[in-house]
Each structure stands twice: as structure tokens, then as C-alpha cells.
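Source file: protein_4.cif (mmCIF, C-alpha atoms and all ligand atoms)
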data_query
#
loop_
_atom_site.label_atom_id
_atom_site.label_comp_id
_atom_site.auth_asym_id
_atom_site.auth_seq_id
_atom_site.Cartn_x
_atom_site.Cartn_y
_atom_site.Cartn_z
CA MET E 321 15.01 15.33 13.60
CA LEU E 322 16.70 16.40 10.38
CA GLY E 323 15.49 18.03 7.19
CA ASP E 324 13.10 20.82 6.29
CA PHE E 325 9.55 19.94 5.40
CA MET E 326 5.97 21.09 4.94
CA TYR E 327 3.27 18.85 6.30
CA SER E 328 -0.37 18.83 5.30
CA ASN E 329 -2.86 16.13 4.43
CA PRO E 330 -5.91 17.13 2.44
CA THR E 331 -8.00 13.94 2.81
CA ARG E 332 -11.01 14.22 5.12
CA LEU E 333 -11.28 10.87 6.83
CA TYR E 334 -14.34 9.35 8.54
CA PHE E 335 -13.58 6.41 10.78
CA GLY E 336 -15.70 3.90 12.69
CA GLU E 337 -18.80 1.73 12.56
CA HIS E 338 -20.98 4.67 11.54
CA ALA E 339 -18.54 6.24 9.10
CA MET E 340 -20.85 5.60 6.13
CA ASP E 341 -23.38 8.05 7.61
CA ASN E 342 -21.11 10.80 6.30
CA LEU E 343 -21.21 9.77 2.66
CA LYS E 344 -24.36 11.81 2.00
CA THR E 345 -22.79 14.99 3.35
CA GLU E 346 -19.72 14.49 1.20
CA LEU E 347 -21.69 13.68 -1.96
CA ALA E 348 -23.49 17.00 -1.62
CA ASN E 349 -20.20 18.74 -2.47
CA TYR E 350 -20.11 17.33 -6.01
CA GLY E 351 -22.18 17.40 -9.20
CA PRO E 352 -24.74 14.74 -10.13
CA LYS E 353 -22.61 12.32 -12.16
CA VAL E 354 -20.72 9.68 -10.20
CA GLN E 355 -18.41 6.98 -11.58
CA LEU E 356 -18.80 4.08 -9.16
CA VAL E 357 -15.59 2.05 -9.21
CA TYR E 358 -15.29 -1.39 -7.63
CA GLY E 359 -13.43 -4.67 -7.96
CA GLY E 360 -14.38 -8.23 -8.85
CA GLY E 361 -17.59 -8.43 -6.88
CA SER E 362 -16.81 -8.80 -3.16
CA ILE E 363 -18.87 -5.65 -2.42
CA LYS E 364 -21.93 -7.26 -4.00
CA LYS E 365 -21.59 -10.32 -1.75
CA ASN E 366 -21.05 -8.47 1.52
CA GLY E 367 -23.73 -5.84 1.07
CA ILE E 368 -21.48 -2.76 0.77
CA TYR E 369 -22.57 -2.22 -2.85
CA ASP E 370 -26.23 -2.07 -1.76
CA GLN E 371 -25.46 0.41 1.01
CA VAL E 372 -23.53 2.71 -1.31
CA THR E 373 -25.96 2.59 -4.23
CA LYS E 374 -28.90 3.30 -1.89
CA ILE E 375 -27.17 6.45 -0.67
CA LEU E 376 -26.26 7.50 -4.22
CA GLN E 377 -29.89 7.05 -5.21
CA GLU E 378 -31.16 9.04 -2.21
CA CYS E 379 -28.79 11.84 -3.21
CA GLY E 380 -30.21 11.86 -6.74
CA LYS E 381 -26.93 10.92 -8.40
CA THR E 382 -26.62 9.46 -11.88
CA VAL E 383 -24.31 6.48 -11.53
CA PHE E 384 -21.87 5.22 -14.16
CA GLU E 385 -20.70 1.78 -13.09
CA ASP E 386 -17.06 0.84 -13.52
CA GLY E 387 -16.63 -2.59 -11.94
CA GLY E 388 -14.13 -5.37 -12.50
CA VAL E 389 -11.02 -3.55 -11.32
CA MET E 390 -8.54 -6.38 -10.84
CA PRO E 391 -5.95 -6.64 -8.04
CA ASN E 392 -2.87 -4.90 -9.52
CA PRO E 393 -4.88 -2.74 -11.96
CA THR E 394 -3.66 -2.68 -15.55
CA THR E 395 -3.13 -0.06 -18.24
CA GLU E 396 -5.91 -1.64 -20.36
CA LYS E 397 -8.41 -1.22 -17.55
CA LEU E 398 -7.17 2.33 -16.99
CA TYR E 399 -7.92 3.29 -20.61
CA GLU E 400 -11.44 1.80 -20.20
CA GLY E 401 -12.08 3.83 -17.05
CA CYS E 402 -10.85 7.03 -18.69
CA LYS E 403 -13.36 6.57 -21.49
CA ILE E 404 -16.25 6.17 -19.02
CA ALA E 405 -15.12 9.28 -17.12
CA LYS E 406 -14.59 11.50 -20.14
CA ASP E 407 -17.54 10.37 -22.28
CA ASN E 408 -19.92 11.03 -19.42
CA GLY E 409 -18.23 14.06 -17.92
CA VAL E 410 -18.35 12.59 -14.41
CA ASP E 411 -18.14 14.94 -11.43
CA LEU E 412 -16.82 12.46 -8.89
CA ILE E 413 -15.12 9.07 -8.91
CA LEU E 414 -16.26 6.99 -5.96
CA ALA E 415 -13.88 4.12 -5.24
CA VAL E 416 -15.41 1.29 -3.22
CA GLY E 417 -12.81 -1.37 -2.50
CA GLY E 418 -9.19 -1.90 -1.58
CA GLY E 419 -5.94 -0.34 -2.70
CA SER E 420 -6.35 -1.53 -6.29
CA VAL E 421 -9.71 0.19 -6.64
CA CYS E 422 -8.44 3.38 -4.95
CA ASP E 423 -5.20 3.46 -6.97
CA TYR E 424 -7.08 2.87 -10.21
CA SER E 425 -9.58 5.61 -9.39
CA LYS E 426 -6.75 8.08 -8.82
CA ALA E 427 -5.17 7.01 -12.11
CA VAL E 428 -8.45 7.57 -13.96
CA SER E 429 -8.92 10.91 -12.20
CA ILE E 430 -5.67 12.29 -13.61
CA SER E 431 -5.71 10.45 -16.94
CA ALA E 432 -9.23 11.01 -18.30
CA TYR E 433 -8.29 14.48 -19.56
CA CYS E 434 -4.65 13.72 -20.29
CA GLU E 435 -3.88 14.39 -23.95
CA GLU E 436 -1.18 11.78 -24.29
CA ASP E 437 -0.77 8.20 -23.11
CA PRO E 438 -1.02 8.45 -19.29
CA TRP E 439 1.21 5.40 -18.83
CA ASP E 440 4.05 7.15 -20.65
CA LYS E 441 3.49 10.52 -19.01
CA TYR E 442 2.72 9.61 -15.41
CA TYR E 443 4.40 6.24 -14.93
CA LEU E 444 7.36 6.03 -17.29
CA ARG E 445 8.29 9.71 -17.29
CA MET E 446 6.91 10.42 -13.77
CA GLU E 447 5.58 13.83 -14.76
CA ASP E 448 3.30 15.95 -12.61
CA VAL E 449 -0.35 16.45 -13.50
CA ASP E 450 -1.08 19.52 -15.58
CA ASN E 451 -4.59 18.74 -16.79
CA LYS E 452 -8.02 18.61 -15.18
CA ILE E 453 -8.28 16.18 -12.24
CA ILE E 454 -11.62 14.56 -11.37
CA PRO E 455 -12.11 14.42 -7.59
CA VAL E 456 -11.96 10.98 -5.94
CA GLY E 457 -13.76 9.75 -2.83
CA CYS E 458 -13.14 6.38 -1.26
CA VAL E 459 -15.05 3.77 0.74
CA LEU E 460 -12.34 1.38 1.92
CA THR E 461 -12.98 -2.36 2.21
CA MET E 462 -9.44 -3.74 2.55
CA VAL E 463 -6.59 -2.42 4.63
CA GLY E 464 -2.92 -2.27 3.78
CA THR E 465 -1.94 0.18 1.08
CA GLY E 466 -2.78 3.51 2.73
CA SER E 467 -4.18 4.59 -0.65
CA GLU E 468 -7.18 6.04 1.21
CA MET E 469 -5.08 8.95 2.45
CA ASN E 470 -2.15 9.28 0.08
CA GLY E 471 -1.31 10.23 -3.49
CA GLY E 472 0.06 6.82 -4.49
CA SER E 473 -1.24 5.03 -7.56
CA VAL E 474 0.32 1.81 -8.80
CA ILE E 475 -0.42 0.53 -12.31
CA THR E 476 0.77 -2.64 -14.05
CA ASN E 477 1.70 -2.84 -17.71
CA HIS E 478 1.76 -6.54 -18.58
CA GLU E 479 3.02 -6.00 -22.10
CA GLN E 480 6.08 -4.11 -20.86
CA LYS E 481 6.36 -6.32 -17.74
CA LEU E 482 6.47 -3.29 -15.47
CA LYS E 483 4.57 -2.42 -12.32
CA ILE E 484 5.14 1.20 -11.38
CA GLY E 485 3.88 3.39 -8.56
CA HIS E 486 3.76 7.15 -8.82
CA VAL E 487 3.35 9.10 -5.60
CA PHE E 488 1.43 12.20 -6.65
CA GLY E 489 0.95 15.39 -4.67
CA ASP E 490 -1.91 16.76 -2.58
CA ASN E 491 -4.11 17.38 -5.62
CA VAL E 492 -4.42 13.63 -6.26
CA PHE E 493 -5.17 12.50 -2.68
CA PRO E 494 -8.78 11.33 -2.18
CA LYS E 495 -10.96 14.25 -1.14
CA PHE E 496 -12.59 12.05 1.48
CA SER E 497 -12.35 8.48 2.71
CA ILE E 498 -14.77 6.36 4.67
CA LEU E 499 -13.23 3.69 6.90
CA ASN E 500 -15.49 1.22 8.66
CA PRO E 501 -13.41 -1.60 10.20
CA VAL E 502 -16.46 -3.91 10.03
CA PHE E 503 -16.16 -3.86 6.23
CA THR E 504 -12.91 -5.77 6.55
CA TYR E 505 -14.46 -8.74 8.40
CA THR E 506 -15.20 -10.56 5.13
CA LEU E 507 -11.63 -10.40 3.82
CA PRO E 508 -10.21 -13.87 3.09
CA LYS E 509 -7.33 -14.69 5.47
CA TYR E 510 -4.80 -14.65 2.62
CA GLN E 511 -5.74 -11.07 1.72
CA MET E 512 -5.91 -9.97 5.32
CA THR E 513 -2.49 -11.26 6.27
CA SER E 514 -1.04 -9.93 3.02
CA GLY E 515 -2.51 -6.50 3.78
CA CYS E 516 -1.11 -6.59 7.31
CA TYR E 517 2.36 -7.34 5.99
CA ASP E 518 1.97 -4.48 3.51
CA ILE E 519 1.41 -2.20 6.51
CA MET E 520 4.46 -3.60 8.30
CA SER E 521 6.55 -3.21 5.20
CA HIS E 522 5.47 0.41 4.67
CA ILE E 523 6.62 1.21 8.17
CA LEU E 524 9.92 -0.64 7.80
CA GLU E 525 10.66 1.02 4.47
CA GLN E 526 10.61 4.33 6.31
CA TYR E 527 12.23 3.08 9.53
CA PHE E 528 15.38 1.55 8.06
CA SER E 529 17.12 4.74 7.04
CA GLY E 530 19.08 7.51 8.70
CA THR E 531 21.19 7.62 11.85
CA ASP E 532 19.67 10.72 13.48
CA ASP E 533 17.41 10.74 16.53
CA ASN E 534 14.04 11.19 14.85
CA THR E 535 10.52 11.40 16.31
CA SER E 536 9.21 9.52 13.27
CA ASP E 537 11.18 6.42 14.31
CA TYR E 538 9.52 6.40 17.73
CA ILE E 539 6.08 6.76 16.13
CA MET E 540 6.91 3.85 13.84
CA GLU E 541 7.93 1.61 16.71
CA GLY E 542 4.56 2.30 18.33
CA LEU E 543 2.68 1.57 15.11
CA LEU E 544 4.62 -1.67 14.65
CA LYS E 545 3.86 -2.84 18.19
CA SER E 546 0.18 -2.11 17.76
CA LEU E 547 0.10 -3.91 14.41
CA ILE E 548 1.97 -7.00 15.63
CA HIS E 549 -0.42 -7.26 18.59
CA SER E 550 -3.69 -6.68 16.70
CA TRP E 551 -2.78 -8.75 13.63
CA GLU E 552 -2.34 -11.86 15.77
CA ILE E 553 -5.74 -11.27 17.42
CA ALA E 554 -7.52 -10.65 14.10
CA MET E 555 -6.08 -13.86 12.61
CA GLN E 556 -7.64 -15.87 15.46
CA ASP E 557 -10.82 -13.83 15.70
CA PRO E 558 -11.59 -12.05 12.39
CA GLU E 559 -14.59 -10.19 13.83
CA ASN E 560 -12.72 -8.63 16.72
CA TYR E 561 -13.63 -4.97 16.22
CA GLU E 562 -10.90 -3.62 18.46
CA ALA E 563 -8.16 -5.44 16.56
CA ARG E 564 -9.64 -4.68 13.13
CA SER E 565 -10.00 -1.00 13.94
CA ASN E 566 -6.43 -0.76 15.24
CA ILE E 567 -5.12 -2.42 12.09
CA MET E 568 -7.16 -0.13 9.85
CA TRP E 569 -5.95 3.02 11.57
CA THR E 570 -2.34 1.80 11.65
CA ALA E 571 -2.49 1.13 7.91
CA THR E 572 -3.55 4.69 7.22
CA TRP E 573 -0.79 6.19 9.36
CA ALA E 574 1.80 3.84 7.92
CA LEU E 575 1.54 5.55 4.54
CA ASN E 576 -0.16 8.92 4.73
CA THR E 577 3.17 10.80 4.60
CA LEU E 578 3.42 11.66 8.33
CA ILE E 579 6.08 9.17 9.35
CA ALA E 580 8.30 10.05 6.40
CA MET E 581 8.69 13.61 7.60
CA GLY E 582 12.29 14.62 8.17
CA LYS E 583 13.57 11.26 6.97
CA SER E 584 15.10 9.72 3.91
CA THR E 585 13.31 6.46 3.14
CA ASP E 586 14.33 3.12 1.66
CA TRP E 587 11.52 1.42 -0.39
CA MET E 588 13.76 -1.32 -1.83
CA VAL E 589 11.49 -4.14 -0.61
CA HIS E 590 8.69 -2.50 -2.58
CA MET E 591 10.85 -2.08 -5.66
CA LEU E 592 11.74 -5.78 -5.56
CA GLY E 593 8.12 -6.73 -4.80
CA GLN E 594 6.74 -4.64 -7.63
CA ALA E 595 9.12 -6.22 -10.13
CA VAL E 596 8.01 -9.65 -8.89
CA GLY E 597 4.41 -8.47 -9.27
CA ALA E 598 5.02 -7.42 -12.87
CA TYR E 599 6.13 -10.97 -13.68
CA THR E 600 3.65 -12.96 -11.59
CA ASP E 601 0.65 -10.70 -10.86
CA ALA E 602 0.93 -12.05 -7.30
CA THR E 603 -0.77 -10.43 -4.30
CA HIS E 604 1.16 -7.30 -3.34
CA GLY E 605 1.86 -8.05 0.34
CA MET E 606 3.09 -11.56 -0.50
CA THR E 607 5.58 -10.24 -3.04
CA LEU E 608 7.01 -8.17 -0.18
CA SER E 609 7.11 -10.95 2.40
CA ALA E 610 8.83 -13.30 -0.05
CA VAL E 611 11.85 -11.01 -0.53
CA SER E 612 12.03 -9.27 2.86
CA MET E 613 14.18 -11.58 4.93
CA ALA E 614 16.87 -11.96 2.26
CA TYR E 615 16.89 -8.18 1.76
CA TYR E 616 17.07 -7.28 5.43
CA ARG E 617 19.79 -9.83 6.15
CA HIS E 618 21.73 -8.37 3.22
CA ILE E 619 21.57 -4.76 4.43
CA LEU E 620 21.90 -5.51 8.15
CA PRO E 621 25.68 -4.87 8.32
CA TYR E 622 25.17 -1.41 6.78
CA GLY E 623 22.45 -0.38 9.24
CA LEU E 624 23.52 -2.39 12.27
CA GLU E 625 22.63 0.26 14.89
CA LYS E 626 19.07 0.56 13.60
CA PHE E 627 18.57 -3.20 13.31
CA LYS E 628 19.75 -3.54 16.90
CA ARG E 629 17.28 -0.86 18.00
CA TYR E 630 14.52 -2.60 16.01
CA ALA E 631 15.25 -5.89 17.78
CA ILE E 632 15.11 -4.32 21.23
CA HIS E 633 12.27 -1.82 20.78
CA VAL E 634 9.95 -3.82 18.54
CA TRP E 635 10.70 -7.50 19.19
CA ASP E 636 11.67 -7.18 22.86
CA VAL E 637 15.04 -8.89 22.40
CA ASN E 638 17.01 -8.86 25.64
CA PRO E 639 20.40 -7.32 24.79
CA ALA E 640 22.23 -8.38 27.96
CA GLY E 641 25.60 -9.96 27.24
CA LYS E 642 25.11 -10.08 23.45
CA SER E 643 27.02 -8.43 20.61
CA ASP E 644 25.25 -5.83 18.47
CA MET E 645 25.19 -8.28 15.59
CA ALA E 646 23.70 -11.06 17.72
CA ILE E 647 20.96 -8.72 18.98
CA ALA E 648 20.13 -7.50 15.47
CA GLU E 649 20.02 -11.04 14.10
CA GLU E 650 17.77 -12.17 16.94
CA GLY E 651 15.36 -9.37 16.00
CA LEU E 652 15.18 -10.58 12.42
CA GLN E 653 14.71 -14.16 13.61
CA ALA E 654 11.77 -13.04 15.76
CA MET E 655 10.30 -11.19 12.79
CA GLU E 656 10.72 -14.21 10.53
CA ALA E 657 9.07 -16.56 13.04
CA TYR E 658 6.14 -14.16 13.40
CA MET E 659 5.74 -13.87 9.63
CA LYS E 660 5.62 -17.65 9.27
CA ARG E 661 3.06 -17.87 12.06
CA MET E 662 0.86 -15.32 10.28
CA GLY E 663 0.86 -17.48 7.14
CA LEU E 664 2.85 -15.18 4.87
CA VAL E 665 4.51 -16.46 1.71
CA MET E 666 8.22 -16.67 2.52
CA ASN E 667 9.71 -17.50 -0.88
CA LEU E 668 9.35 -16.51 -4.51
CA ARG E 669 8.84 -20.03 -5.82
CA ALA E 670 5.50 -20.16 -4.00
CA LEU E 671 4.41 -17.12 -6.03
CA GLY E 672 5.21 -18.83 -9.33
CA VAL E 673 8.65 -17.34 -9.89
CA THR E 674 11.01 -19.60 -11.84
CA GLU E 675 14.80 -19.31 -12.20
CA ASP E 676 14.53 -18.05 -15.78
CA MET E 677 12.53 -15.02 -14.61
CA LEU E 678 15.13 -13.74 -12.15
CA GLU E 679 17.23 -11.84 -14.65
CA GLY E 680 14.16 -9.98 -15.93
CA ILE E 681 12.87 -9.28 -12.41
CA ALA E 682 16.28 -7.87 -11.44
CA LYS E 683 16.21 -5.63 -14.51
CA ALA E 684 12.70 -4.41 -13.69
CA THR E 685 13.74 -3.50 -10.12
CA PHE E 686 14.24 0.23 -9.67
CA VAL E 687 17.18 1.06 -7.40
CA MET E 688 16.50 3.60 -4.65
CA ASP E 689 19.17 5.47 -2.73
CA GLY E 690 17.54 6.45 0.56
CA GLY E 691 18.28 3.32 2.61
CA TYR E 692 21.43 1.87 4.19
CA LYS E 693 22.85 0.42 0.98
CA VAL E 694 22.44 1.38 -2.65
CA LEU E 695 22.18 -2.03 -4.29
CA GLU E 696 24.24 -3.08 -7.28
CA LYS E 697 22.54 -5.27 -9.90
CA GLU E 698 24.52 -8.32 -8.69
CA GLU E 699 23.24 -7.75 -5.17
CA ILE E 700 19.66 -7.65 -6.46
CA MET E 701 20.23 -10.97 -8.22
CA GLN E 702 21.72 -12.43 -5.05
CA ILE E 703 18.73 -11.29 -2.94
CA LEU E 704 16.30 -12.72 -5.49
CA GLN E 705 18.18 -16.02 -5.57
CA GLU E 706 18.21 -16.18 -1.78
CA SER E 707 14.46 -15.49 -1.81
CA MET E 708 13.75 -18.58 -3.95
O1 LIG E 801 -11.98 -7.31 -6.30
P1 LIG E 801 -12.85 -7.72 -5.17
O2 LIG E 801 -13.88 -8.70 -5.52
O3 LIG E 801 -13.41 -6.54 -4.42
O4 LIG E 801 -11.91 -8.53 -4.14
C1 LIG E 801 -10.76 -7.96 -3.53
C2 LIG E 801 -9.46 -8.46 -4.17
O5 LIG E 801 -9.62 -9.73 -4.73
C3 LIG E 801 -10.66 -8.48 -2.13
N1 LIG E 801 -11.40 -7.67 -1.16
C4 LIG E 801 -11.25 -6.36 -0.90
N2 LIG E 801 -12.06 -6.00 0.12
C5 LIG E 801 -12.73 -7.11 0.49
C6 LIG E 801 -12.33 -8.18 -0.33
N3 LIG E 801 -12.83 -9.42 -0.21
C7 LIG E 801 -13.75 -9.62 0.74
N4 LIG E 801 -14.18 -8.65 1.60
C8 LIG E 801 -13.69 -7.39 1.50
N5 LIG E 801 -14.08 -6.46 2.35
O6 LIG E 801 -9.29 -8.41 -1.82
C9 LIG E 801 -8.53 -8.62 -2.99
C10 LIG E 801 -7.37 -7.66 -3.00
O7 LIG E 801 -7.80 -6.33 -3.13
P2 LIG E 801 -6.77 -5.20 -3.57
O8 LIG E 801 -7.49 -3.91 -3.63
O9 LIG E 801 -6.04 -5.65 -4.78
O10 LIG E 801 -5.73 -5.23 -2.36
P3 LIG E 801 -4.83 -4.12 -1.76
O11 LIG E 801 -5.61 -3.18 -0.92
O12 LIG E 801 -3.70 -4.82 -1.13
O13 LIG E 801 -4.27 -3.29 -3.03
C11 LIG E 801 -3.19 -3.76 -3.78
C12 LIG E 801 -2.75 -2.74 -4.83
O14 LIG E 801 -2.33 -1.50 -4.21
C13 LIG E 801 -1.00 -1.19 -4.63
C14 LIG E 801 -0.41 -2.55 -4.88
O15 LIG E 801 0.77 -2.51 -5.65
C15 LIG E 801 -1.55 -3.26 -5.60
O16 LIG E 801 -1.58 -2.88 -6.95
N6 LIG E 801 -0.32 -0.35 -3.63
C16 LIG E 801 -0.71 0.94 -3.49
C17 LIG E 801 -0.05 1.82 -2.67
C18 LIG E 801 -0.46 3.24 -2.52
N7 LIG E 801 -1.51 3.69 -3.15
O17 LIG E 801 0.19 4.00 -1.81
C19 LIG E 801 1.12 1.43 -1.89
C20 LIG E 801 1.26 -0.04 -1.75
O18 LIG E 801 2.59 -0.32 -1.42
C21 LIG E 801 0.87 -0.83 -2.95
O19 LIG E 801 1.91 -0.85 -3.88
ZN ZN E 802 2.87 -1.73 -0.14
#
Produce C-alpha cells that represent the structure in this file.
Ligand code: NZQ
Ligand code: ZN
Amino acid sequence: MLGDFMYSNPTRLYFGEHAMDNLKTELANYGPKVQLVYGGGSIKKNGIYDQVTKILQECGKTVFEDGGVMPNPTTEKLYEGCKIAKDNGVDLILAVGGGSVCDYSKAVSISAYCEEDPWDKYYLRMEDVDNKIIPVGCVLTMVGTGSEMNGGSVITNHEQKLKIGHVFGDNVFPKFSILNPVFTYTLPKYQMTSGCYDIMSHILEQYFSGTDDNTSDYIMEGLLKSLIHSWEIAMQDPENYEARSNIMWTATWALNTLIAMGKSTDWMVHMLGQAVGAYTDATHGMTLSAVSMAYYRHILPYGLEKFKRYAIHVWDVNPAGKSDMAIAEEGLQAMEAYMKRMGLVMNLRALGVTEDMLEGIAKATFVMDGGYKVLEKEEIMQILQESM
């Protein structure tokens, strides 16, 4: 275990079939005006909207509705939400939805009282928050992003063709989050499998770095095993509570800062995926699956030891009589076969990417330096081409 760190997580999390029973207690901590944020309408179809509004009513809250948050929330929508929050002086933003709704709520919470363009300040210049922050609470309906217990907030600017995530500090984490695995039963398979790959990718982004013996890597191997097992069950039997609850809990731990402790982290798959997202508006997890195999095969020689360990510990590859390279490659083959079986998108063309976009996507890809290889622009182009 290397590195010095401080660990704390300020989000109070309620988990399980009866998690919603705690919403009333939490609401009592805030003033009367609540901005109710949700997406395109799934919560109205599956009854979650009715449950939440009933509780808000019982608590005597004045509700300001802010629906229509799109997957991959945009700057235009952000400005709209800020106006609702500021004009009405809301006391709490209640996000009811998936990562997009949570991320957007956090963005509104820090931007409503920001005196300049929040896109420029928080996303282009990556500055810290120095104005009033409206507290955010979350009722999660889709698993994957970990937004329910982290400071991440990803916003898309279509005009500038950029999708950027800012990982804010403790003051931006949701104050509370309510996680009922049953709420995820109604997720369409495409969203569910995309969310599951997002979880896997979050873990791998933090796993493929470093050469030290690190407790975080052992935790990650356990999380991956649990995910791989439960994901397969949930695909066959979407209402399997045990599998759904394991996936939901794994998603939270995959990106609530714990497993990054004492490690440098990679995040290049996300950088590539976000650039693809900026050009196609495709579903987040699928932008990651489409570029992953080309990326991992590209960096394998630089992180051979770890890829070998991944193959043995996570994919149960038998190492007997094989070279390190053969073991590592067998691990990636097992991963690829599993991804195909789970119905993930395995190439960029299927997401609407055309050859003429590749140059722009490569340019929009931020290069990180915490993984096994700091990519040159030509390598990014090569990975994108191989992902077509
Ligand atoms: O909008 P509605 O109608 O609610 O439908 C949503 C949406 O179409 C639907 N859905 C959600 N819960 C449902 C449901 N449908 C039926 N039943 C339910 N229970 O699912 C669709 C996708 O929802 P979305 O919130 O967009 O998905 P996700 O949770 O994957 O969030 C994606 C966003 O999070 C960002 C991504 O970049 C993307 O913008 N990320 C945030 C991160 C963070 N905060 O740390 C990290 C991630 O890497 C990621 O970048
Ligand atoms: Zn992600």
C-alpha cells in the first residue's frame, strides 16, 4: 500500500427494499422548498414518482418540478435548472433517477449561485466551488455511475463537442442517497447491461495501475467477481433481488473513492468514451465497452504483470505451462467473450461513429497519466480505428 491519504465519505446511504422509509427523516433536515429533479418519465411509469411526491406532500414541502433531464445532461438543461433553483430559493434538490439525474442535480447545486458561466468555471477550468451550494439528496433508480455516493458530475456541451466530468470534493457529494434494488427491475436490458459495464469499467480504471501490493486491488478483484456473477443472473432473471442488490452495492463501492485510496488510477477508457459520447450522445456504458478491448490490448505489454494477475484472479485462467503473455491474453479473451454474451456494444460503428469523426474524437480525448502508458495522439487514433 503506497501513498498518503485521508478517507471520509459524507453521504448517508440507505439501502434495501425499505430504504424509502427514511426519506421523511432526511427531508426534515431541510427547508420547505424542494426542487424535484427527474429524467424523461420512467419514474412516472414505474410508480416511483408517486411514492416520492406522496412523501414530499406529507412532509409539507413545496415542490418545484424539474423533469426532462436527458441521459448525458447538457449545458442548456443545466442553465434551466439553475434558474428554477435560484428564482425559487430552493432548500434541497432531490434527484430521482440515474446517474444523469444525480450528476445534473450536483451541477445545479453548485451552479445556481455561480456568478459566471458554470461550464467555463467548473468544467473547462476545473475550478473548485467558492459559492453557495444547495444540498442534494438522491433516490437512485439506475445503477452504474456511483454518482449516489461521489462528487462526480458529467456535463455535455454539444456546441463545443465536449463531454467533461469534474470530480468535486466532499461538499458536493449527495447528503443522502436512497437505494432500493427493486427500483432497478424496470430498467430496459440495454440500460442495465450498459450500467453493469460502467461498474466493471470503474473498477478496471482503478485496478490497472501501479505495481505495489495494494489492499485496494484485492477489494477490486472481489467486487469484480461479485459483479460478473450477479450480472449474468440478473440478465436471465431481472427480478432476482439477490443479484440486483449485489449489483447495486457493487456499483456504489466501485466509485465512492474507497478503492482509489493509495493508488494512482488510469481512467483512459472513460476519457475515450466521453469523447465518443460528445460526438454521438451514445449511452455511457456502451461508449466504454466499444473502446475497451482495443485499449486494453494496446496497454497490455506495459502492465503485463497486472494483466496476468487479472486473468488468474478474476477470470480463473489456469496459468500452468503458459507464458505470462499467453495468460494475460487469455484473461482478455475471457473478458471479451463475457462482454459479448452480456449484449454489450463492441464497436464504435454500432454507436454511429463514422471514420470522419475519429480525428475530432481523438482531439476531444483528454490524456491521463496514472495508468501503464501515457498515450500519444497517434496511439489514441490507432485505438479508435481498432475499435471501429
Ligand atoms: O430518463 P428516464 O425516463 O428516467 O429514463 C432513464 C434513461 O433513459 C432510464 N432509467 C433510469 N432508471 C430507470 C430507467 N428506466 C426504467 N426504469 C428505471 N428504474 O435509463 C436511461 C439512462 O439513465 P441515465 O441516468 O442516463 O444512466 P446512467 O446512470 O448510466 O448515467 C449516465 C450519466 O452519468 C455519467 C455519464 O457520463 C452519463 O452522463 N457518469 C457519471 C459519473 C459520476 N457521477 O461519477 C461517472 C460515470 O463514469 C459517468 O461518466
Ligand atoms: Zn463510468
- Mind checking which residues fall within 8 Å of segment 427-441 of chain E, counting all atoms listed in the file, ignoring those fewer than 3 positions away in the same chain, and posting them as a PyMOL selection string? chain E and resi 395+398-399+401-403+405-406+413+423-424+444-447+449+451-456+473+492
What residues of the protein or nucleic acid chains come within 6 Å of ligand ZN 802 (chain E) when you use only C-alpha atoms and all ligand atoms? Reply as an mmCIF file with C-alpha atoms, in the frame of the given file.
data_model
loop_
_atom_site.group_PDB
_atom_site.id
_atom_site.type_symbol
_atom_site.label_atom_id
_atom_site.label_comp_id
_atom_site.auth_asym_id
_atom_site.auth_seq_id
_atom_site.Cartn_x
_atom_site.Cartn_y
_atom_site.Cartn_z
ATOM 1 C CA THR E 465 -1.940 0.180 1.080
ATOM 2 C CA ASP E 518 1.970 -4.480 3.510
ATOM 3 C CA HIS E 522 5.470 0.410 4.670
#
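In this comparison, which uses only C-alpha atoms, the residue of E:Gly464, E:Gly361, E:Gly623, E:Gly593 approaching Ser707 of chain E most closely is E:Gly593.
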- Item | 8 Å shell around ligand LIG 801 (chain E) using all atoms listed in the file, listed as an MDAnalysis selection string | chainID E and resid 358:363 366 388:393 417:423 460:468 470:476 483 485 487 503:508 511 514:515 518 522 575 590 594 597 603:605
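Comparing the minimum interatomic distances between Lys353 of chain E and each of E:Val687, E:Met326, E:Ala654, E:Ile404, counting only C-alpha atoms, we find that E:Ile404 sits nearest.
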- Query: In terms of the shortest atom-to-atom distance over all atoms listed in the file, which of E:Asp557, E:Glu337, E:Glu346, E:Glu385 is closest to Leu499 of chain E?
  - Reply: E:Glu337
- Taking into account all atoms listed in the file, which residue in the set E:Met540, E:Thr345, E:Ser550, E:Val416 is nearest to Tyr369 of chain E? E:Val416
- Message: Residues within 9 Å of Glu562 of chain E, please, as a PyMOL selection string. Count only C-alpha atoms; anything in the same chain fewer than 4 positions from it doesn't count.
- Response: chain E and resi 501+550+554+566-567
- Message: Need the shell around Met606 of chain E: protein/DNA/RNA residues with any atom at most 12 Å away, counting only C-alpha atoms. Skip same-chain ones fewer than 2 positions apart. Format as a VMD selection string?
- Response: chain E and resid 464 510 to 521 589 to 590 592 to 594 596 to 597 600 to 604 608 to 612 659 to 660 662 to 672
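The residue that comes closest to Trp551 of chain E, out of E:Asn491, E:Tyr658, E:Asp636, E:Lys481 and on the basis of only C-alpha atoms, is E:Tyr658.
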